[in-house]
$ cat query19.pdb   # PDB, C-alpha atoms and all ligand atoms
ATOM      1  CA  MET A 203       0.000   0.000   0.000  1.00  0.00           C
ATOM      2  CA  CYS A 204       1.134   3.547  -0.684  1.00  0.00           C
ATOM      3  CA  TYR A 205       1.895   5.308   2.614  1.00  0.00           C
ATOM      4  CA  MET A 206       1.380   8.748   1.087  1.00  0.00           C
ATOM      5  CA  CYS A 207      -2.237   8.440  -0.141  1.00  0.00           C
ATOM      6  CA  ARG A 208      -3.140   5.103   1.487  1.00  0.00           C
ATOM      7  CA  ALA A 209      -5.437   4.498  -1.439  1.00  0.00           C
ATOM      8  CA  SER A 210      -3.361   2.585  -3.953  1.00  0.00           C
ATOM      9  CA  ASP A 211      -0.649  -0.014  -4.318  1.00  0.00           C
ATOM     10  CA  GLU A 212       2.821   1.455  -4.121  1.00  0.00           C
ATOM     11  CA  ASP A 213       5.494   1.272  -6.758  1.00  0.00           C
ATOM     12  CA  ALA A 214       7.978   3.906  -7.912  1.00  0.00           C
ATOM     13  CA  LYS A 215       5.788   5.110 -10.778  1.00  0.00           C
ATOM     14  CA  HIS A 216       2.808   5.512  -8.483  1.00  0.00           C
ATOM     15  CA  LEU A 217       4.750   7.197  -5.662  1.00  0.00           C
ATOM     16  CA  PHE A 218       6.527   9.802  -7.809  1.00  0.00           C
ATOM     17  CA  ASN A 219       4.037  10.338 -10.635  1.00  0.00           C
ATOM     18  CA  ASP A 220       0.517   9.083 -10.059  1.00  0.00           C
ATOM     19  CA  CYS A 221      -0.049   9.398  -6.307  1.00  0.00           C
ATOM     20  CA  THR A 222      -2.637  12.090  -5.606  1.00  0.00           C
ATOM     21  CA  GLN A 223      -0.814  13.273  -2.487  1.00  0.00           C
ATOM     22  CA  SER A 224       2.584  13.384  -4.208  1.00  0.00           C
ATOM     23  CA  LYS A 225       1.002  15.335  -7.073  1.00  0.00           C
ATOM     24  CA  THR A 226      -0.491  17.823  -4.629  1.00  0.00           C
ATOM     25  CA  ILE A 227       2.861  18.326  -2.881  1.00  0.00           C
ATOM     26  CA  THR A 228       4.658  18.809  -6.222  1.00  0.00           C
ATOM     27  CA  SER A 229       2.046  21.255  -7.557  1.00  0.00           C
ATOM     28  CA  LYS A 230       2.002  23.333  -4.360  1.00  0.00           C
ATOM     29  CA  ALA A 231       5.813  23.476  -4.163  1.00  0.00           C
ATOM     30  CA  LEU A 232       6.175  24.535  -7.811  1.00  0.00           C
ATOM     31  CA  LEU A 233       3.444  27.142  -7.389  1.00  0.00           C
ATOM     32  CA  ALA A 234       5.021  28.581  -4.232  1.00  0.00           C
ATOM     33  CA  LEU A 235       8.396  28.755  -5.970  1.00  0.00           C
ATOM     34  CA  GLN A 236       6.774  30.425  -8.986  1.00  0.00           C
ATOM     35  CA  ILE A 237       7.845  27.645 -11.323  1.00  0.00           C
ATOM     36  CA  SER A 238       5.394  26.684 -14.026  1.00  0.00           C
ATOM     37  CA  GLU A 239       4.523  23.017 -13.789  1.00  0.00           C
ATOM     38  CA  PRO A 240       5.790  21.081 -16.790  1.00  0.00           C
ATOM     39  CA  THR A 241       3.225  18.979 -18.597  1.00  0.00           C
ATOM     40  CA  GLN A 242       3.793  15.535 -17.231  1.00  0.00           C
ATOM     41  CA  SER A 243       4.218  12.793 -19.793  1.00  0.00           C
ATOM     42  CA  SER A 244       2.888   9.298 -19.224  1.00  0.00           C
ATOM     43  CA  GLN A 245       6.447   8.253 -18.373  1.00  0.00           C
ATOM     44  CA  GLY A 246       6.481  10.601 -15.391  1.00  0.00           C
ATOM     45  CA  TYR A 247       8.717  13.460 -14.323  1.00  0.00           C
ATOM     46  CA  ILE A 248      12.116  11.752 -14.289  1.00  0.00           C
ATOM     47  CA  GLU A 249      11.893  10.260 -17.771  1.00  0.00           C
ATOM     48  CA  MET A 250      10.338  13.500 -19.006  1.00  0.00           C
ATOM     49  CA  MET A 251      13.347  15.483 -17.777  1.00  0.00           C
ATOM     50  CA  VAL A 252      15.693  13.178 -19.680  1.00  0.00           C
ATOM     51  CA  VAL A 253      13.718  13.524 -22.912  1.00  0.00           C
ATOM     52  CA  ASP A 254      12.677  17.187 -22.745  1.00  0.00           C
ATOM     53  CA  LYS A 255      15.818  19.340 -22.992  1.00  0.00           C
ATOM     54  CA  THR A 256      13.812  22.573 -22.645  1.00  0.00           C
ATOM     55  CA  ILE A 257      13.089  22.026 -18.946  1.00  0.00           C
ATOM     56  CA  THR A 258      15.196  24.482 -16.958  1.00  0.00           C
ATOM     57  CA  THR A 259      17.757  23.593 -14.314  1.00  0.00           C
ATOM     58  CA  THR A 260      15.657  25.300 -11.642  1.00  0.00           C
ATOM     59  CA  THR A 261      12.645  23.182 -12.544  1.00  0.00           C
ATOM     60  CA  ARG A 262      14.733  20.009 -12.643  1.00  0.00           C
ATOM     61  CA  GLU A 263      16.325  20.683  -9.275  1.00  0.00           C
ATOM     62  CA  THR A 264      12.965  21.459  -7.719  1.00  0.00           C
ATOM     63  CA  ILE A 265      11.406  18.239  -9.002  1.00  0.00           C
ATOM     64  CA  VAL A 266      14.374  16.221  -7.740  1.00  0.00           C
ATOM     65  CA  THR A 267      14.104  17.968  -4.348  1.00  0.00           C
ATOM     66  CA  THR A 268      10.368  17.251  -4.281  1.00  0.00           C
ATOM     67  CA  ASN A 269      10.921  13.570  -5.059  1.00  0.00           C
ATOM     68  CA  PHE A 270      13.560  13.408  -2.302  1.00  0.00           C
ATOM     69  CA  ILE A 271      11.178  14.911   0.265  1.00  0.00           C
ATOM     70  CA  ILE A 272       8.373  12.552  -0.798  1.00  0.00           C
ATOM     71  CA  TRP A 273      10.713   9.541  -0.506  1.00  0.00           C
ATOM     72  CA  LYS A 274      11.985  10.702   2.914  1.00  0.00           C
ATOM     73  CA  GLU A 275       8.402  11.189   4.164  1.00  0.00           C
ATOM     74  CA  ARG A 276       7.352   7.801   2.830  1.00  0.00           C
ATOM     75  CA  CYS A 277      10.255   6.146   4.721  1.00  0.00           C
ATOM     76  CA  ASN A 278       9.521   8.125   7.906  1.00  0.00           C
ATOM     77  CA  ARG A 279       5.896   6.987   7.795  1.00  0.00           C
ATOM     78  CA  ILE A 280       6.916   3.369   7.404  1.00  0.00           C
ATOM     79  CA  PHE A 281       9.968   3.133   9.664  1.00  0.00           C
ATOM     80  CA  ARG A 282       9.514   5.933  12.209  1.00  0.00           C
ATOM     81  CA  ASP A 283       5.735   6.079  12.405  1.00  0.00           C
ATOM     82  CA  THR A 284       5.765   9.863  11.954  1.00  0.00           C
ATOM     83  CA  THR A 285       3.603  11.858   9.557  1.00  0.00           C
ATOM     84  CA  LYS A 286       4.019  15.404   8.290  1.00  0.00           C
ATOM     85  CA  THR A 287       1.207  17.333   6.681  1.00  0.00           C
ATOM     86  CA  THR A 288       1.198  18.268   3.018  1.00  0.00           C
ATOM     87  CA  GLN A 289       1.907  21.879   3.969  1.00  0.00           C
ATOM     88  CA  GLN A 290       4.860  20.901   6.192  1.00  0.00           C
ATOM     89  CA  LEU A 291       6.363  18.930   3.305  1.00  0.00           C
ATOM     90  CA  VAL A 292       5.815  21.810   0.869  1.00  0.00           C
ATOM     91  CA  ASP A 293       7.492  24.181   3.354  1.00  0.00           C
ATOM     92  CA  GLU A 294      10.414  21.768   3.639  1.00  0.00           C
ATOM     93  CA  ILE A 295      10.865  21.747  -0.145  1.00  0.00           C
ATOM     94  CA  ILE A 296      10.752  25.551  -0.268  1.00  0.00           C
ATOM     95  CA  GLU A 297      13.321  25.806   2.543  1.00  0.00           C
ATOM     96  CA  MET A 298      15.679  23.413   0.785  1.00  0.00           C
ATOM     97  CA  ARG A 299      15.383  25.338  -2.464  1.00  0.00           C
ATOM     98  CA  ARG A 300      15.916  28.675  -0.700  1.00  0.00           C
ATOM     99  CA  ARG A 301      19.046  27.366   1.001  1.00  0.00           C
ATOM    100  CA  ASP A 302      20.306  26.350  -2.413  1.00  0.00           C
ATOM    101  CA  GLY A 303      20.781  30.075  -2.969  1.00  0.00           C
ATOM    102  CA  ARG A 304      20.312  30.008  -6.694  1.00  0.00           C
ATOM    103  CA  LEU A 305      16.716  31.124  -6.510  1.00  0.00           C
ATOM    104  CA  GLN A 306      15.530  34.703  -6.464  1.00  0.00           C
ATOM    105  CA  THR A 307      15.296  36.108  -2.961  1.00  0.00           C
ATOM    106  CA  SER A 308      11.716  37.179  -3.576  1.00  0.00           C
ATOM    107  CA  ILE A 309      10.127  33.754  -3.347  1.00  0.00           C
ATOM    108  CA  ASN A 310       6.509  34.108  -2.437  1.00  0.00           C
ATOM    109  CA  MET A 311       6.044  32.347   0.873  1.00  0.00           C
ATOM    110  CA  ASP A 312       2.337  33.152   0.963  1.00  0.00           C
ATOM    111  CA  HIS A 313       1.324  29.847  -0.499  1.00  0.00           C
ATOM    112  CA  GLY A 314      -1.413  28.829   1.946  1.00  0.00           C
TER     113      GLY A 314
HETATM  114 ZN    ZN A 401      -0.180   7.100  -3.268  1.00  0.00          ZN
END
$ encode --input "query19.pdb" --output "structure tokens"
Amino acid sequence: MCYMCRASDEDAKHLFNDCTQSKTITSKALLALQISEPTQSSQGYIEMMVVDKTITTTTRETIVTTNFIIWKERCNRIFRDTTKTTQQLVDEIIEMRRRDGRLQTSINMDHG
């Protein structure tokens, strides 16, 4: 079972591409960071980034960060029995991207 949405079987494609909760986290993080969401292909984000050379570095790094946070949360739910809210996870992604220092300083934090 998928520990993010608890509504589907879990595999990598589901967790990173099809899971409704993962999708929500990704959309909210991209929106808060003022990055337009790339149209997701049926192969999912990772394969899409390999194929589509027009996707910017900022977008790529943010998607990789998002996938890392989703994976970390999934493992925490399974092995540590802790659960963060969608908003906490989005905030964590934004913090990581801000610390990266390559983003504009004027990131809109009013993403509630
Ligand atoms: Zn799921």
$ residues_near_ligand --input "query19.pdb" --ligand "ligand ZN 401 (chain A)" --cutoff "12 Å" --atoms "all atoms listed in the file" --output "list in words"
Met203, Cys204, Tyr205, Met206, Cys207, Arg208, Ala209, Ser210, Asp211, Glu212, Asp213, Ala214, Lys215, His216, Leu217, Phe218, Asn219, Asp220, Cys221, Thr222, Gln223, Ser224, Lys225, Thr226, Ile227, Ile272, Trp273 and Arg276 of chain A
$ write_last_selection --input "query19.pdb" --atoms "C-alpha atoms" --output "PDB file, in the frame of the given file"
ATOM      1  CA  MET A 203       0.000   0.000   0.000  1.00  0.00           C
ATOM      2  CA  CYS A 204       1.134   3.547  -0.684  1.00  0.00           C
ATOM      3  CA  TYR A 205       1.895   5.308   2.614  1.00  0.00           C
ATOM      4  CA  MET A 206       1.380   8.748   1.087  1.00  0.00           C
ATOM      5  CA  CYS A 207      -2.237   8.440  -0.141  1.00  0.00           C
ATOM      6  CA  ARG A 208      -3.140   5.103   1.487  1.00  0.00           C
ATOM      7  CA  ALA A 209      -5.437   4.498  -1.439  1.00  0.00           C
ATOM      8  CA  SER A 210      -3.361   2.585  -3.953  1.00  0.00           C
ATOM      9  CA  ASP A 211      -0.649  -0.014  -4.318  1.00  0.00           C
ATOM     10  CA  GLU A 212       2.821   1.455  -4.121  1.00  0.00           C
ATOM     11  CA  ASP A 213       5.494   1.272  -6.758  1.00  0.00           C
ATOM     12  CA  ALA A 214       7.978   3.906  -7.912  1.00  0.00           C
ATOM     13  CA  LYS A 215       5.788   5.110 -10.778  1.00  0.00           C
ATOM     14  CA  HIS A 216       2.808   5.512  -8.483  1.00  0.00           C
ATOM     15  CA  LEU A 217       4.750   7.197  -5.662  1.00  0.00           C
ATOM     16  CA  PHE A 218       6.527   9.802  -7.809  1.00  0.00           C
ATOM     17  CA  ASN A 219       4.037  10.338 -10.635  1.00  0.00           C
ATOM     18  CA  ASP A 220       0.517   9.083 -10.059  1.00  0.00           C
ATOM     19  CA  CYS A 221      -0.049   9.398  -6.307  1.00  0.00           C
ATOM     20  CA  THR A 222      -2.637  12.090  -5.606  1.00  0.00           C
ATOM     21  CA  GLN A 223      -0.814  13.273  -2.487  1.00  0.00           C
ATOM     22  CA  SER A 224       2.584  13.384  -4.208  1.00  0.00           C
ATOM     23  CA  LYS A 225       1.002  15.335  -7.073  1.00  0.00           C
ATOM     24  CA  THR A 226      -0.491  17.823  -4.629  1.00  0.00           C
ATOM     25  CA  ILE A 227       2.861  18.326  -2.881  1.00  0.00           C
ATOM     26  CA  ILE A 272       8.373  12.552  -0.798  1.00  0.00           C
ATOM     27  CA  TRP A 273      10.713   9.541  -0.506  1.00  0.00           C
ATOM     28  CA  ARG A 276       7.352   7.801   2.830  1.00  0.00           C
TER      29      ARG A 276
END
$ residues_around --input "query19.pdb" --residues "Val292 in chain A" --least-positions-apart "3" --cutoff "12 Å" --atoms "all atoms listed in the file" --output "ChimeraX atom specification"
/A:223-235,264-265,267-272,275,286-289,295-299,311-314
$ atom_distance --input "query19.pdb" --atom1 "CA of Thr285 in chain A" --atom2 "CA of Tyr247 in chain A"
24.5 Å
$ residues_around --input "query19.pdb" --residues "Thr241 in chain A" --least-positions-apart "3" --cutoff "12 Å" --atoms "all atoms listed in the file" --output "list in words"
Asn219, Ser229, Ser238, Ser244, Gln245, Gly246, Tyr247, Met250, Met251, Asp254, Thr256, Ile257 and Thr261 of chain A
$ write_last_selection --input "query19.pdb" --atoms "C-alpha atoms" --output "PDB file, in the frame of the given file"
ATOM      1  CA  ASN A 219       4.037  10.338 -10.635  1.00  0.00           C
ATOM      2  CA  SER A 229       2.046  21.255  -7.557  1.00  0.00           C
ATOM      3  CA  SER A 238       5.394  26.684 -14.026  1.00  0.00           C
ATOM      4  CA  SER A 244       2.888   9.298 -19.224  1.00  0.00           C
ATOM      5  CA  GLN A 245       6.447   8.253 -18.373  1.00  0.00           C
ATOM      6  CA  GLY A 246       6.481  10.601 -15.391  1.00  0.00           C
ATOM      7  CA  TYR A 247       8.717  13.460 -14.323  1.00  0.00           C
ATOM      8  CA  MET A 250      10.338  13.500 -19.006  1.00  0.00           C
ATOM      9  CA  MET A 251      13.347  15.483 -17.777  1.00  0.00           C
ATOM     10  CA  ASP A 254      12.677  17.187 -22.745  1.00  0.00           C
ATOM     11  CA  THR A 256      13.812  22.573 -22.645  1.00  0.00           C
ATOM     12  CA  ILE A 257      13.089  22.026 -18.946  1.00  0.00           C
ATOM     13  CA  THR A 261      12.645  23.182 -12.544  1.00  0.00           C
TER      14      THR A 261
END
$ closest_residue --input "query19.pdb" --among "A:Arg262, A:Lys274, A:Arg301, A:Arg282" --to "Glu249 in chain A" --atoms "all atoms listed in the file"
A:Arg262
